[in-house]
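Enquirer: Structure below; questions to follow.
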There are 2 protein chains.
Amino acid sequence: MAAPVISPEIDGLIQLLSRLPGLGPRSARRAALHLLKKGPSAMEPLARALTEAAARIRPCSVCGNLDTADPCHICTDPRRDPATLCVVEEVADLWALERAAYKGRYHILGGVLSALDGIGPEDLDIGGLVDRAGAPEVTEVILAMNATVDGQTTAHYITDRLAESGVAITRLAHGVPVGGELDYLDDGTLTTALKARRPL
Amino acid sequence: MAAPVISPEIDGLIQLLSRLPGLGPRSARRAALHLLKKGPSAMEPLARALTEAAARIRPCSVCGNLDTADPCHICTDPRRDPATLCVVEEVADLWALERAAYKGRYHILGGVLSALDGIGPEDLDIGGLVDRAGAPEVTEVILAMNATVDGQTTAHYITDRLAESGVAITRLAHGVPVGGELDYLDDGTLTTALKARRPL
């Protein structure tokens with residue numbers, strides 16, 4: 001219905017933008033109009049950034065991080081502690097842990113086990129993790145999956161798989177978020193935080 | 001802080017995406033990751049669409065619509081009624097009216113008068129509208145600005161400017177939105193709808 005009026009060039013741009021997570025059809029139209037009103041000075045840098053990323057960014061064959069180098073800069077950085085492997089679901093989680101000043105290395109699973117979505121161990125990079133955890137320099141594996149049912153199921157599965165490797169297996173602490181108010185917290189978190197209370 | 005870990009290519013892409021309306025820093029990261037995970041097959045078409053739009057889309061010198069042709073396809077379409085000009089704020093409003101099956105022509109102001117934002121008549125394409133409304137084939141100007149204070153102020157201003165042109169000046173009807181429930185409607189709309197009641 002909109003086809004005869006919106007030119008195919010604009011319509012194509014809207015269609016592609018609407019595939020981005022967080023942009024529905026309406027906000028994709030808004031984003032496209034914003035770019036069109038700003039003109040080439042807004043569209044050309046984005047086009048260049050996309051072309052460059054498409055050409056140069058690839059997953060690290062060791063940890064799964066996205067980078068221009070393979071192995072990635074984290075895997076090859078000699079200042080990072082090779083004794084600690086932090087296992088995360090996605091690259092976004094790696095970025096989050098970097099903001100938390102973690103100084104070891106990572107292993108990205110590429111998702112979590114999910115019976116509902118039909119994702120089994122063979123769909124995740126668990127074999128690579130078992131291999132890496134068996135290396136002599138690795139002494140600790142931190143399981144930093146999301147605190148969801150699927151995330152915790154995956155953590156249990158990995159704990160079983162690593163049982164014979166002899167590395168220490170730890171997980172992130174659960175508790176009251178820093179800055180959080182008890183009154184607004186869900187009961188599960190509060191119960192966990194109470195059970196895991198620490199001496200001052 | 002994130003600079004040493006996220007490669008500059010990814011960071012640049014995130015920065016550019018976060019400038020789009022509707023995408024904050026977090027959703028820009030999500031959108032960038034989505035694109036990076038899909039790989040070149042997702043990024044290259046978007047880069048091409050942007051390059052093409054940057055090169056080919058420009059504002060119509062007659063009505064202000066965005067199109068590859070100038071005058072645009074609406075202005076040059078002989079099937080569209082040249083007697084009716086619909087005045088809208090932005091191209092997005094033109095797209096909305098096209099979905100409402102309007103069959104006349106348009107005039108895009110490029111905004112509304114706003115004392116707060118320092119937007120005066122010289123910042124909008126009101127001169128062009130007065131010229132076009134003076135053409136012999138134009139018999140009606142429909143003011144389709146948003147039903148906001150600024151939109152209605154602009155409508156009044158344009159009505160004054162067109163007073164001597166002799167064209168009929170109309171505005172969109174205000175009232176209960178189709179499918180709307182009275183109980184959820186603001187009082188202003190309900191008062192307007194009651195005053196403007198129509199015989200069945």
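Just remember, in the structure tokens the first chain shown is A, the second B, etc., residues are 1-based per chain, and ligands are 1-based in the order shown.
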Residues of chain A no more than 9 Å from chain B, counting only C-alpha atoms: send them over as a ChimeraX atom specification.

Expert: /A:1-2,4-7,9-10,12-13,16-17,20-23,27-37,39-59,66-68,73-74,91-92,95,98-99

Enquirer: Taking the chain letters and numbering used in this document, name the residues of range 5-73 of chain B that DSSP puts in helix (DSSP H, G or I), as an NGL selection string.

Expert: :B and (8-17 or 25-38 or 40-56 or 73)

Enquirer: Tell me, as an NGL selection string, which residues lie within 7 Å of Val167 in chain A, counting only C-alpha atoms; anything in the same chain fewer than 4 positions away does not count.

Expert: :A and (139-141)

Enquirer: Can those selected residues be exported to a file as a PDB file, in the first residue's frame so that it contains N, CA, C and O atoms?

Expert:
```pdb
ATOM      1  N   THR A 139      43.566 -22.431  36.005  1.00  0.00           N
ATOM      2  CA  THR A 139      43.289 -22.954  37.341  1.00  0.00           C
ATOM      3  C   THR A 139      41.854 -22.689  37.790  1.00  0.00           C
ATOM      4  O   THR A 139      41.371 -23.312  38.720  1.00  0.00           O
ATOM      5  N   GLU A 140      41.186 -21.714  37.139  1.00  0.00           N
ATOM      6  CA  GLU A 140      39.825 -21.394  37.570  1.00  0.00           C
ATOM      7  C   GLU A 140      38.933 -21.093  36.374  1.00  0.00           C
ATOM      8  O   GLU A 140      39.344 -20.379  35.442  1.00  0.00           O
ATOM      9  N   VAL A 141      37.716 -21.636  36.416  1.00  0.00           N
ATOM     10  CA  VAL A 141      36.705 -21.312  35.409  1.00  0.00           C
ATOM     11  C   VAL A 141      35.554 -20.627  36.138  1.00  0.00           C
ATOM     12  O   VAL A 141      34.956 -21.202  37.050  1.00  0.00           O
TER      13      VAL A 141
END
```

Enquirer: I need the residues in range 20-196 of chain B that are strand (DSSP E) according to DSSP; give them as an MDAnalysis selection string.

Expert: chainID B and resid 58:59 66:67 84:88 105:108 140:143 168:171

Enquirer: Between CA of Pro78 in chain B and CA of Gly111 in chain B, what is the spacing in Å?

Expert: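 Going from CA of Gly111 in chain B over to CA of Pro78 in chain B, I get 27.6 Å.
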
Enquirer: Looking at B:Pro121, B:Pro177, B:Pro136, B:Gly127, which one is nearest to Val62 in chain B, with distances taken over only C-alpha atoms?

Expert: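 Checking each of B:Pro121, B:Pro177, B:Pro136, B:Gly127 against Val62 in chain B, counting only C-alpha atoms, the winner is B:Gly127.
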
Enquirer: Can you work out which one of A:Thr189, A:Thr159, A:Thr153, A:Asn146 has the shortest atom-to-atom distance to Asp93 in chain A, counting only C-alpha atoms?

Expert: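 When distances to Asp93 in chain A are compared using only C-alpha atoms, the smallest one comes from A:Asn146.
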
Enquirer: In Å to one decimal, how far is CA of Gly64 in chain B from CA of His107 in chain B?

Expert: 6.6 Å

Enquirer: So how far away is CA of Leu113 in chain A from CA of Pro82 in chain A, in Å?

Expert: 26.4 Å
